[in-house]
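J.: Before anything else, here's the structure in question.
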Amino acid sequence: MVDRYSRQVLFTGIGKEGQRRLGNSCVVIIGCGALGTIMATSLVRAGVGKIRIIDRDFIEYHNLQRQVLFDEDDIRNGLPKAIAAERHLKRVNSSVQVEGIVADVNYTNIERFVQDADLILDGLDNLETRYLINDASLKHKIPWIYGGAISSSGMTMDIIPGQTPCFRCLHPKVLGRGVALTCDTAGVISPAPFVIGSLQSAEAIKILVGAENINRDLILIDVWEGSFIRFKIIPSADCPSCQGKFEFLDAKFGTRATSLCGQDAVQILNPRIGSISLAELAARLKAVGEVSYNEFMLHCSIDSQEMVIFPDGRAIVKNTSDKSLARGLYAKYIGT
Ligand SMILES: [Zn+2]
């Protein structure tokens with residue numbers, strides 16, 4: 001193993017002690033799109049001991065333009081992103097414990113996913129779950145690194161509980177969907193998430209090895225303009241999260257039907273369903289439409305509607321952004 005990491009051990013910011021610390025660390029990556037695949041590949045290659053990757057989506061052709069861990073075989077095999085990432089990364093570095101989890105991160109499960117983490121990394125495409133990470137981070141005193149990329153630009157900031165402003169200090173107004181730009185409306189070119197994912201990976205290594213010069217500013221980049229700007233963020237005196245009021249963990253703002261970024265689709269989440277048998281559901285749905293399934297998901301088309309259902313009871317209704325239509329289909333075919 002010494003030889004595998006020799007070039008980064010030579011780097012004075014890491015050294016032998018830093019490498020040992022990386023090997024003893026546990027990192028949770030939430031969201032495995034462009035940012036998540038960059039961070040996962042960096043940290044698995046760097047020898048972080050344990051990496052948990054959580055993502056709710058399956059891979060589609062329009063992901064391959066920027067999501068570096070995936071290929072056409074993954075799509076043909078119908079793999080969810082978390083599973084494909086785990087399989088590829090285990091071939092890259094078998095000494096790292098890589099755990100891919102297919103799940104929607106929400107208030108019912110986030111604390112379970114992050115409880116043993118030294119660091120949480122944001123590879124998400126939505127603001128709501130970032131507020132949730134923020135609450136879990138502050139409550140359990142686990143640092144996290146915010147990152148986002150869209151169009152040709154991106155931003156990142158380290159959030160260290162008790163030391164830096166938090167995400168809610170940065171965005172005090174809780175934005176609803178449709179207010180913020182998404183990959184749907186603005187598009188994205190790969191160098192933007194590559195730069196942000198790389199900055200997040202560097203900060204992750206710094207935090208894990210105990211470096212003193214961690215980034216305390218909000219960094220904004222634009223790869224098309226070639227710009228790199230730092231902003232000092234002031235902690236907010238009336239930030240609920242910093243005062244220990246974890247409104248997102250308490251599901252005050254939780255939603256059950258959400259439009260998915262980058263897809264004409266709605267996700268339905270039913271926290272009351274713990275797990276369902278895809279085989280049984282397939283048998284039931286075969287009477288009304290076309291059904292195929294594997295151990296990870298079930299795909300069905302009924303009339304002109306397409307749905308993907310996961311073993312945790314979650315469903316993605318495709319080709320619509322109408323949440324009530326999606327909720328109705330879920331209630332009709334899966335049950336609530
Ligand atoms: Zn705050």
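Chain labels A, B, ... are given in the sequence in which chains occur in the structure tokens; within each chain residues are numbered consecutively from 1, and ligands are likewise numbered from 1 in the order shown.
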Hey, could you make a per-residue contact list for chain A against ligand 1 with 9 Å as the cut-off, showing the nearest pair of atoms and its distance in Å to one decimal, counting only C-alpha atoms and all ligand atoms, sorted by chain and number, as a tab-separated table?
T.:
```
residue	atom	partner	partner_atom_place_in_ligand_line	distance
A:Asn134	CA	ligand 1	1 (Zn)	8.6
A:Leu138	CA	ligand 1	1 (Zn)	8.8
A:Thr164	CA	ligand 1	1 (Zn)	8.5
A:Pro165	CA	ligand 1	1 (Zn)	5.4
A:Cys166	CA	ligand 1	1 (Zn)	4.0
A:Phe167	CA	ligand 1	1 (Zn)	6.1
A:Arg168	CA	ligand 1	1 (Zn)	4.8
A:Cys169	CA	ligand 1	1 (Zn)	4.0
A:Leu170	CA	ligand 1	1 (Zn)	7.3
A:His171	CA	ligand 1	1 (Zn)	8.9
A:Pro172	CA	ligand 1	1 (Zn)	8.1
A:Pro235	CA	ligand 1	1 (Zn)	6.2
A:Ser236	CA	ligand 1	1 (Zn)	5.9
A:Ala237	CA	ligand 1	1 (Zn)	8.0
A:Asp238	CA	ligand 1	1 (Zn)	7.9
A:Cys239	CA	ligand 1	1 (Zn)	4.6
A:Pro240	CA	ligand 1	1 (Zn)	6.7
A:Ser241	CA	ligand 1	1 (Zn)	5.2
A:Cys242	CA	ligand 1	1 (Zn)	4.2
A:Gln243	CA	ligand 1	1 (Zn)	7.5
```
J.: Within 8 Å of Leu132 in chain A, counting only C-alpha atoms, which residues show up once you throw out same-chain ones fewer than 6 positions away? Write them as a list in words, please.
T.: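 Everything that qualifies: Asn106, Tyr107, Ile110, Phe248 and Leu249 of chain A.
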J.: With all heavy atoms kept, could you save the residues just selected as a PDB file, in the first residue's frame?
T.:
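So the final result, stored in again02.pdb, reads:
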```pdb
ATOM      1  N   ASN A 106     -33.607  11.587   3.358  1.00  0.00           N
ATOM      2  CA  ASN A 106     -34.670  12.457   3.874  1.00  0.00           C
ATOM      3  C   ASN A 106     -34.620  12.459   5.402  1.00  0.00           C
ATOM      4  O   ASN A 106     -33.754  11.816   6.000  1.00  0.00           O
ATOM      5  CB  ASN A 106     -36.030  11.998   3.344  1.00  0.00           C
ATOM      6  CG  ASN A 106     -36.309  10.553   3.706  1.00  0.00           C
ATOM      7  OD1 ASN A 106     -36.449  10.224   4.878  1.00  0.00           O
ATOM      8  ND2 ASN A 106     -36.371   9.676   2.709  1.00  0.00           N
ATOM      9  N   TYR A 107     -35.559  13.151   6.002  1.00  0.00           N
ATOM     10  CA  TYR A 107     -35.496  13.346   7.458  1.00  0.00           C
ATOM     11  C   TYR A 107     -35.622  12.033   8.243  1.00  0.00           C
ATOM     12  O   TYR A 107     -35.205  11.943   9.378  1.00  0.00           O
ATOM     13  CB  TYR A 107     -36.560  14.351   7.913  1.00  0.00           C
ATOM     14  CG  TYR A 107     -37.979  13.810   7.874  1.00  0.00           C
ATOM     15  CD1 TYR A 107     -38.555  13.234   9.006  1.00  0.00           C
ATOM     16  CD2 TYR A 107     -38.726  13.854   6.700  1.00  0.00           C
ATOM     17  CE1 TYR A 107     -39.838  12.723   8.967  1.00  0.00           C
ATOM     18  CE2 TYR A 107     -40.005  13.349   6.654  1.00  0.00           C
ATOM     19  CZ  TYR A 107     -40.558  12.781   7.786  1.00  0.00           C
ATOM     20  OH  TYR A 107     -41.822  12.255   7.737  1.00  0.00           O
ATOM     21  N   ILE A 110     -31.536  10.294   7.382  1.00  0.00           N
ATOM     22  CA  ILE A 110     -30.210  10.922   7.237  1.00  0.00           C
ATOM     23  C   ILE A 110     -29.319  10.688   8.456  1.00  0.00           C
ATOM     24  O   ILE A 110     -28.121  10.426   8.321  1.00  0.00           O
ATOM     25  CB  ILE A 110     -30.312  12.422   6.900  1.00  0.00           C
ATOM     26  CG1 ILE A 110     -28.905  12.974   6.574  1.00  0.00           C
ATOM     27  CG2 ILE A 110     -30.961  13.228   8.032  1.00  0.00           C
ATOM     28  CD1 ILE A 110     -28.887  14.316   5.909  1.00  0.00           C
ATOM     29  N   PHE A 248     -35.502  21.179   9.508  1.00  0.00           N
ATOM     30  CA  PHE A 248     -35.557  20.224   8.395  1.00  0.00           C
ATOM     31  C   PHE A 248     -35.526  18.787   8.904  1.00  0.00           C
ATOM     32  O   PHE A 248     -36.238  17.921   8.403  1.00  0.00           O
ATOM     33  CB  PHE A 248     -34.429  20.502   7.400  1.00  0.00           C
ATOM     34  CG  PHE A 248     -34.717  21.707   6.578  1.00  0.00           C
ATOM     35  CD1 PHE A 248     -34.393  22.969   7.046  1.00  0.00           C
ATOM     36  CD2 PHE A 248     -35.371  21.603   5.368  1.00  0.00           C
ATOM     37  CE1 PHE A 248     -34.700  24.098   6.313  1.00  0.00           C
ATOM     38  CE2 PHE A 248     -35.680  22.719   4.622  1.00  0.00           C
ATOM     39  CZ  PHE A 248     -35.344  23.973   5.100  1.00  0.00           C
ATOM     40  N   LEU A 249     -34.706  18.555   9.942  1.00  0.00           N
ATOM     41  CA  LEU A 249     -34.700  17.209  10.551  1.00  0.00           C
ATOM     42  C   LEU A 249     -36.053  16.909  11.176  1.00  0.00           C
ATOM     43  O   LEU A 249     -36.484  15.760  11.220  1.00  0.00           O
ATOM     44  CB  LEU A 249     -33.627  17.135  11.648  1.00  0.00           C
ATOM     45  CG  LEU A 249     -32.219  16.744  11.242  1.00  0.00           C
ATOM     46  CD1 LEU A 249     -31.355  16.634  12.488  1.00  0.00           C
ATOM     47  CD2 LEU A 249     -32.195  15.448  10.456  1.00  0.00           C
TER      48      LEU A 249
END
```
J.: Which residue is closest to Thr12 in chain A? Choose from A:Gly313, A:Ile38, A:Lys206, A:Ser321 and count only C-alpha atoms.
T.: A:Lys206
J.: From the options A:Asn109, A:Ser198, A:Thr41, A:Gln115, which residue's atoms come nearest to Arg87 in chain A, counting only C-alpha atoms?
T.: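 Of A:Asn109, A:Ser198, A:Thr41, A:Gln115, the one nearest Arg87 in chain A is A:Thr41, counting only C-alpha atoms.
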J.: Restricting the calculation to only C-alpha atoms, which member of A:Gln163, A:Ser95, A:Gln65, A:Thr108 is positioned closest to Asp250 in chain A?
T.: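 Closest to Asp250 in chain A of all the choices is A:Thr108.
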J.: How would you write, as a PyMOL selection string, the set of residues in range 67-134 of chain A that DSSP gives as helix (DSSP H, G or I)?
T.: chain A and resi 72-76+81-92+110-114+127-134
J.: Would you save the residues of that selection, restricted to C-alpha atoms, as a PDB file, in the first residue's frame?
T.:
```pdb
ATOM      1  CA  GLU A  72     -23.006   2.606 -21.341  1.00  0.00           C
ATOM      2  CA  ASP A  73     -22.831  -0.908 -19.830  1.00  0.00           C
ATOM      3  CA  ASP A  74     -24.224   0.465 -16.550  1.00  0.00           C
ATOM      4  CA  ILE A  75     -27.253   1.788 -18.431  1.00  0.00           C
ATOM      5  CA  ARG A  76     -27.749  -1.486 -20.341  1.00  0.00           C
ATOM      6  CA  LYS A  81     -25.913   5.116  -9.618  1.00  0.00           C
ATOM      7  CA  ALA A  82     -24.923   4.051  -6.095  1.00  0.00           C
ATOM      8  CA  ILE A  83     -24.490   0.412  -7.152  1.00  0.00           C
ATOM      9  CA  ALA A  84     -22.584   1.224 -10.354  1.00  0.00           C
ATOM     10  CA  ALA A  85     -20.298   3.591  -8.398  1.00  0.00           C
ATOM     11  CA  GLU A  86     -19.598   0.918  -5.761  1.00  0.00           C
ATOM     12  CA  ARG A  87     -18.731  -1.693  -8.417  1.00  0.00           C
ATOM     13  CA  HIS A  88     -16.392   0.602 -10.371  1.00  0.00           C
ATOM     14  CA  LEU A  89     -14.671   1.968  -7.268  1.00  0.00           C
ATOM     15  CA  LYS A  90     -14.014  -1.464  -5.748  1.00  0.00           C
ATOM     16  CA  ARG A  91     -12.044  -2.277  -8.894  1.00  0.00           C
ATOM     17  CA  VAL A  92     -10.060   0.953  -8.488  1.00  0.00           C
ATOM     18  CA  ILE A 110     -30.210  10.922   7.237  1.00  0.00           C
ATOM     19  CA  GLU A 111     -29.042  10.595  10.852  1.00  0.00           C
ATOM     20  CA  ARG A 112     -28.671   6.831  10.425  1.00  0.00           C
ATOM     21  CA  PHE A 113     -26.600   7.322   7.241  1.00  0.00           C
ATOM     22  CA  VAL A 114     -24.174   9.870   8.738  1.00  0.00           C
ATOM     23  CA  LEU A 127     -31.536  22.737  -1.928  1.00  0.00           C
ATOM     24  CA  GLU A 128     -33.983  20.960   0.326  1.00  0.00           C
ATOM     25  CA  THR A 129     -31.657  18.051   1.074  1.00  0.00           C
ATOM     26  CA  ARG A 130     -28.753  20.468   1.654  1.00  0.00           C
ATOM     27  CA  TYR A 131     -30.713  22.088   4.489  1.00  0.00           C
ATOM     28  CA  LEU A 132     -31.238  18.589   5.848  1.00  0.00           C
ATOM     29  CA  ILE A 133     -27.494  17.788   5.665  1.00  0.00           C
ATOM     30  CA  ASN A 134     -26.854  21.120   7.375  1.00  0.00           C
TER      31      ASN A 134
END
```
J.: Work out how far CA of Pro193 in chain A is from CA of Ser94 in chain A, in Å to one decimal.
T.: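 Computing it gives 26.2 Å between the two atoms.
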J.: Once you count only C-alpha atoms, what closest atom pair and distance in Å to one decimal does each residue of range 22-66 of chain A within 7 Å of range 120-126 of chain A have, with rows by chain and rising residue number, as a tab-separated table?
T.:
```
residue	atom	partner	partner_atom	distance
A:Val27	CA	A:Ile120	CA	5.9
A:Val28	CA	A:Ile120	CA	4.9
A:Ile29	CA	A:Leu121	CA	4.7
A:Ile30	CA	A:Asp122	CA	5.5
A:Gly31	CA	A:Gly123	CA	4.4
A:Cys32	CA	A:Gly123	CA	5.9
A:Gly33	CA	A:Gly123	CA	6.5
A:Leu35	CA	A:Gly123	CA	5.1
A:Gly36	CA	A:Gly123	CA	4.6
```
J.: Those same residues, written as a short mmCIF file (atom, residue, chain, number, x, y, z; two decimals), in the first residue's frame with N, CA and C atoms?
T.:
```cif
data_model
loop_
_atom_site.label_atom_id
_atom_site.label_comp_id
_atom_site.auth_asym_id
_atom_site.auth_seq_id
_atom_site.Cartn_x
_atom_site.Cartn_y
_atom_site.Cartn_z
N VAL A 27 -16.19 8.66 5.20
CA VAL A 27 -16.80 9.79 4.51
C VAL A 27 -18.12 9.35 3.89
N VAL A 28 -19.15 10.19 4.00
CA VAL A 28 -20.43 9.91 3.37
C VAL A 28 -20.65 10.91 2.24
N ILE A 29 -20.87 10.39 1.04
CA ILE A 29 -21.15 11.25 -0.12
C ILE A 29 -22.64 11.15 -0.42
N ILE A 30 -23.33 12.27 -0.35
CA ILE A 30 -24.78 12.25 -0.59
C ILE A 30 -25.05 12.86 -1.97
N GLY A 31 -25.51 12.01 -2.87
CA GLY A 31 -25.71 12.42 -4.26
C GLY A 31 -24.53 11.99 -5.10
N CYS A 32 -24.79 11.14 -6.11
CA CYS A 32 -23.67 10.64 -6.93
C CYS A 32 -23.90 11.00 -8.40
N GLY A 33 -23.97 12.30 -8.66
CA GLY A 33 -24.01 12.80 -10.04
C GLY A 33 -22.60 13.22 -10.44
N LEU A 35 -20.71 15.87 -9.38
CA LEU A 35 -19.87 16.20 -8.22
C LEU A 35 -19.54 14.94 -7.43
N GLY A 36 -20.55 14.10 -7.19
CA GLY A 36 -20.35 12.90 -6.39
C GLY A 36 -19.36 11.93 -7.01
#
```
J.: Give the answer as one residue: which of A:Gly147, A:Lys286, A:Lys323, A:Tyr333 has the shortest atom-to-atom distance to Arg256 in chain A, using only C-alpha atoms?
T.: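 Looking only at the distances to Arg256 in chain A, the closest residue turns out to be A:Lys323.
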J.: Looking at A:Lys332, A:Lys318, A:Arg230, A:Lys139, which one is nearest to Glu247 in chain A, with distances taken over only C-alpha atoms?
T.: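 Of A:Lys332, A:Lys318, A:Arg230, A:Lys139, the one nearest Glu247 in chain A is A:Lys139, counting only C-alpha atoms.
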J.: Determine the nearest neighbour of Ala117 in chain A from the options A:Ser201, A:Ser190, A:Asn77, A:Asn24, counting only C-alpha atoms.
T.: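 Counting only C-alpha atoms, the residue closest to Ala117 in chain A is A:Asn24.
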J.: Write down as a list of chain:residue names the residues of range 237-271 of chain A whose backbone DSSP state falls under strand (DSSP E).
T.: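 Across range 237-271 of chain A, those assigned strand (DSSP E) are A:Ala257, A:Thr258, A:Ser259, A:Ala265, A:Val266, A:Gln267, A:Ile268.
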J.: Could you save those same residues with N, CA, C and O atoms as a PDB file, in the first residue's frame?
T.:
```
ATOM      1  N   ALA A 257     -43.794  14.658  -2.619  1.00  0.00           N
ATOM      2  CA  ALA A 257     -43.665  14.561  -4.074  1.00  0.00           C
ATOM      3  C   ALA A 257     -42.732  15.667  -4.527  1.00  0.00           C
ATOM      4  O   ALA A 257     -42.931  16.825  -4.189  1.00  0.00           O
ATOM      5  N   THR A 258     -41.687  15.320  -5.273  1.00  0.00           N
ATOM      6  CA  THR A 258     -40.721  16.327  -5.695  1.00  0.00           C
ATOM      7  C   THR A 258     -40.365  16.146  -7.165  1.00  0.00           C
ATOM      8  O   THR A 258     -40.206  15.023  -7.630  1.00  0.00           O
ATOM      9  N   SER A 259     -40.247  17.260  -7.880  1.00  0.00           N
ATOM     10  CA  SER A 259     -39.776  17.211  -9.262  1.00  0.00           C
ATOM     11  C   SER A 259     -38.278  16.967  -9.243  1.00  0.00           C
ATOM     12  O   SER A 259     -37.574  17.522  -8.413  1.00  0.00           O
ATOM     13  N   ALA A 265     -39.644  14.359 -14.495  1.00  0.00           N
ATOM     14  CA  ALA A 265     -40.106  13.261 -13.649  1.00  0.00           C
ATOM     15  C   ALA A 265     -40.421  13.753 -12.244  1.00  0.00           C
ATOM     16  O   ALA A 265     -39.915  14.788 -11.806  1.00  0.00           O
ATOM     17  N   VAL A 266     -41.261  13.010 -11.555  1.00  0.00           N
ATOM     18  CA  VAL A 266     -41.618  13.342 -10.174  1.00  0.00           C
ATOM     19  C   VAL A 266     -41.297  12.138  -9.292  1.00  0.00           C
ATOM     20  O   VAL A 266     -41.575  11.003  -9.656  1.00  0.00           O
ATOM     21  N   GLN A 267     -40.678  12.418  -8.163  1.00  0.00           N
ATOM     22  CA  GLN A 267     -40.411  11.330  -7.216  1.00  0.00           C
ATOM     23  C   GLN A 267     -41.448  11.337  -6.104  1.00  0.00           C
ATOM     24  O   GLN A 267     -41.776  12.383  -5.558  1.00  0.00           O
ATOM     25  N   ILE A 268     -41.934  10.162  -5.779  1.00  0.00           N
ATOM     26  CA  ILE A 268     -42.883  10.027  -4.680  1.00  0.00           C
ATOM     27  C   ILE A 268     -42.205   9.252  -3.564  1.00  0.00           C
ATOM     28  O   ILE A 268     -41.624   8.190  -3.777  1.00  0.00           O
TER      29      ILE A 268
END
```
J.: Do a neighbour search on Ile207 in chain A at 10 Å with only C-alpha atoms, toss out local chain neighbours closer than 2 positions, and write the hits as a PyMOL selection string.
T.: chain A and resi 22+118-119+143-145+158+160+201-205+209-215
J.: Residues of the last selection are to be written out with N, CA, C and O atoms, as a PDB file, in the first residue's frame.
T.:
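The result, written out as selection.pdb:
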```pdb
ATOM      1  N   LEU A  22      -6.187   9.428   6.759  1.00  0.00           N
ATOM      2  CA  LEU A  22      -7.137   9.174   5.656  1.00  0.00           C
ATOM      3  C   LEU A  22      -7.659   7.738   5.742  1.00  0.00           C
ATOM      4  O   LEU A  22      -8.849   7.475   5.608  1.00  0.00           O
ATOM      5  N   ASP A 118     -16.946  10.970   9.548  1.00  0.00           N
ATOM      6  CA  ASP A 118     -16.050  12.052   9.942  1.00  0.00           C
ATOM      7  C   ASP A 118     -16.326  13.288   9.104  1.00  0.00           C
ATOM      8  O   ASP A 118     -15.933  14.400   9.470  1.00  0.00           O
ATOM      9  N   LEU A 119     -16.983  13.085   7.954  1.00  0.00           N
ATOM     10  CA  LEU A 119     -17.199  14.183   7.012  1.00  0.00           C
ATOM     11  C   LEU A 119     -18.340  13.796   6.073  1.00  0.00           C
ATOM     12  O   LEU A 119     -18.453  12.642   5.677  1.00  0.00           O
ATOM     13  N   PRO A 143     -18.445  17.866  10.181  1.00  0.00           N
ATOM     14  CA  PRO A 143     -18.270  18.856   9.123  1.00  0.00           C
ATOM     15  C   PRO A 143     -18.878  18.385   7.791  1.00  0.00           C
ATOM     16  O   PRO A 143     -18.960  17.175   7.561  1.00  0.00           O
ATOM     17  N   TRP A 144     -19.289  19.336   6.966  1.00  0.00           N
ATOM     18  CA  TRP A 144     -19.721  18.972   5.605  1.00  0.00           C
ATOM     19  C   TRP A 144     -19.245  20.003   4.610  1.00  0.00           C
ATOM     20  O   TRP A 144     -18.921  21.136   4.986  1.00  0.00           O
ATOM     21  N   ILE A 145     -19.153  19.597   3.361  1.00  0.00           N
ATOM     22  CA  ILE A 145     -18.675  20.502   2.318  1.00  0.00           C
ATOM     23  C   ILE A 145     -19.766  20.665   1.277  1.00  0.00           C
ATOM     24  O   ILE A 145     -20.128  19.719   0.576  1.00  0.00           O
ATOM     25  N   ASP A 158     -16.846  25.158   2.955  1.00  0.00           N
ATOM     26  CA  ASP A 158     -16.725  24.190   4.054  1.00  0.00           C
ATOM     27  C   ASP A 158     -17.609  24.653   5.200  1.00  0.00           C
ATOM     28  O   ASP A 158     -17.601  25.842   5.548  1.00  0.00           O
ATOM     29  N   ILE A 160     -18.068  23.894   9.090  1.00  0.00           N
ATOM     30  CA  ILE A 160     -17.541  23.195  10.256  1.00  0.00           C
ATOM     31  C   ILE A 160     -18.375  23.639  11.462  1.00  0.00           C
ATOM     32  O   ILE A 160     -18.325  24.816  11.838  1.00  0.00           O
ATOM     33  N   SER A 201     -12.987  17.864  -3.023  1.00  0.00           N
ATOM     34  CA  SER A 201     -12.108  16.726  -2.687  1.00  0.00           C
ATOM     35  C   SER A 201     -10.866  17.209  -1.950  1.00  0.00           C
ATOM     36  O   SER A 201     -10.424  16.586  -0.975  1.00  0.00           O
ATOM     37  N   ALA A 202     -10.291  18.324  -2.405  1.00  0.00           N
ATOM     38  CA  ALA A 202      -9.093  18.866  -1.745  1.00  0.00           C
ATOM     39  C   ALA A 202      -9.429  19.283  -0.317  1.00  0.00           C
ATOM     40  O   ALA A 202      -8.681  18.979   0.628  1.00  0.00           O
ATOM     41  N   GLU A 203     -10.571  19.951  -0.139  1.00  0.00           N
ATOM     42  CA  GLU A 203     -10.972  20.367   1.215  1.00  0.00           C
ATOM     43  C   GLU A 203     -11.247  19.146   2.085  1.00  0.00           C
ATOM     44  O   GLU A 203     -10.948  19.143   3.282  1.00  0.00           O
ATOM     45  N   ALA A 204     -11.832  18.109   1.481  1.00  0.00           N
ATOM     46  CA  ALA A 204     -12.107  16.873   2.232  1.00  0.00           C
ATOM     47  C   ALA A 204     -10.806  16.295   2.772  1.00  0.00           C
ATOM     48  O   ALA A 204     -10.700  15.961   3.963  1.00  0.00           O
ATOM     49  N   ILE A 205      -9.799  16.211   1.918  1.00  0.00           N
ATOM     50  CA  ILE A 205      -8.505  15.663   2.353  1.00  0.00           C
ATOM     51  C   ILE A 205      -7.914  16.551   3.455  1.00  0.00           C
ATOM     52  O   ILE A 205      -7.423  16.057   4.475  1.00  0.00           O
ATOM     53  N   VAL A 209      -7.088  15.153   7.211  1.00  0.00           N
ATOM     54  CA  VAL A 209      -5.713  15.056   7.737  1.00  0.00           C
ATOM     55  C   VAL A 209      -5.467  16.086   8.843  1.00  0.00           C
ATOM     56  O   VAL A 209      -4.395  16.112   9.435  1.00  0.00           O
ATOM     57  N   GLY A 210      -6.454  16.955   9.094  1.00  0.00           N
ATOM     58  CA  GLY A 210      -6.294  17.939  10.167  1.00  0.00           C
ATOM     59  C   GLY A 210      -5.499  19.169   9.752  1.00  0.00           C
ATOM     60  O   GLY A 210      -4.848  19.796  10.592  1.00  0.00           O
ATOM     61  N   ALA A 211      -5.555  19.534   8.470  1.00  0.00           N
ATOM     62  CA  ALA A 211      -4.848  20.742   8.008  1.00  0.00           C
ATOM     63  C   ALA A 211      -5.468  21.983   8.654  1.00  0.00           C
ATOM     64  O   ALA A 211      -6.653  21.993   8.980  1.00  0.00           O
ATOM     65  N   GLU A 212      -4.641  23.029   8.833  1.00  0.00           N
ATOM     66  CA  GLU A 212      -5.147  24.225   9.508  1.00  0.00           C
ATOM     67  C   GLU A 212      -5.752  25.246   8.552  1.00  0.00           C
ATOM     68  O   GLU A 212      -6.533  26.098   8.956  1.00  0.00           O
ATOM     69  N   ASN A 213      -5.387  25.148   7.280  1.00  0.00           N
ATOM     70  CA  ASN A 213      -5.795  26.202   6.328  1.00  0.00           C
ATOM     71  C   ASN A 213      -7.050  25.829   5.552  1.00  0.00           C
ATOM     72  O   ASN A 213      -7.112  25.995   4.349  1.00  0.00           O
ATOM     73  N   ILE A 214      -8.074  25.307   6.247  1.00  0.00           N
ATOM     74  CA  ILE A 214      -9.287  24.955   5.508  1.00  0.00           C
ATOM     75  C   ILE A 214      -9.984  26.214   4.985  1.00  0.00           C
ATOM     76  O   ILE A 214      -9.792  27.301   5.517  1.00  0.00           O
ATOM     77  N   ASN A 215     -10.796  26.049   3.945  1.00  0.00           N
ATOM     78  CA  ASN A 215     -11.465  27.169   3.299  1.00  0.00           C
ATOM     79  C   ASN A 215     -12.657  27.637   4.141  1.00  0.00           C
ATOM     80  O   ASN A 215     -13.584  26.880   4.373  1.00  0.00           O
TER      81      ASN A 215
END
```
J.: Write out as a list in words each polymer residue whose atoms come within 7 Å of Ser152 in chain A, counting only C-alpha atoms; drop sequence neighbours fewer than 6 positions from it.
T.: Val188, Ile189, Ala192, Asp222, Val223 and Trp224 of chain A
J.: Near Ser275 in chain A, within 10 Å and counting only C-alpha atoms, which residues show up once chain neighbours fewer than 6 positions away are dropped, as a PyMOL selection string?
T.: chain A and resi 310-314
J.: Might you pull out every residue within 9 Å of Phe296 in chain A, with only C-alpha atoms counted and same-chain residues fewer than 3 positions away left off, and present them as a list in words?
T.: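 Counting only C-alpha atoms, the residues come to Gly78, Leu79, Pro80, Ile83, Val102, Leu278, Tyr293, Ile309, Phe310 and Pro311 of chain A.
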J.: What does the distance from CA of Gly197 in chain A to CA of Arg7 in chain A come to in Å, to one decimal?
T.: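 Here the two named atoms are 20.8 Å from each other.
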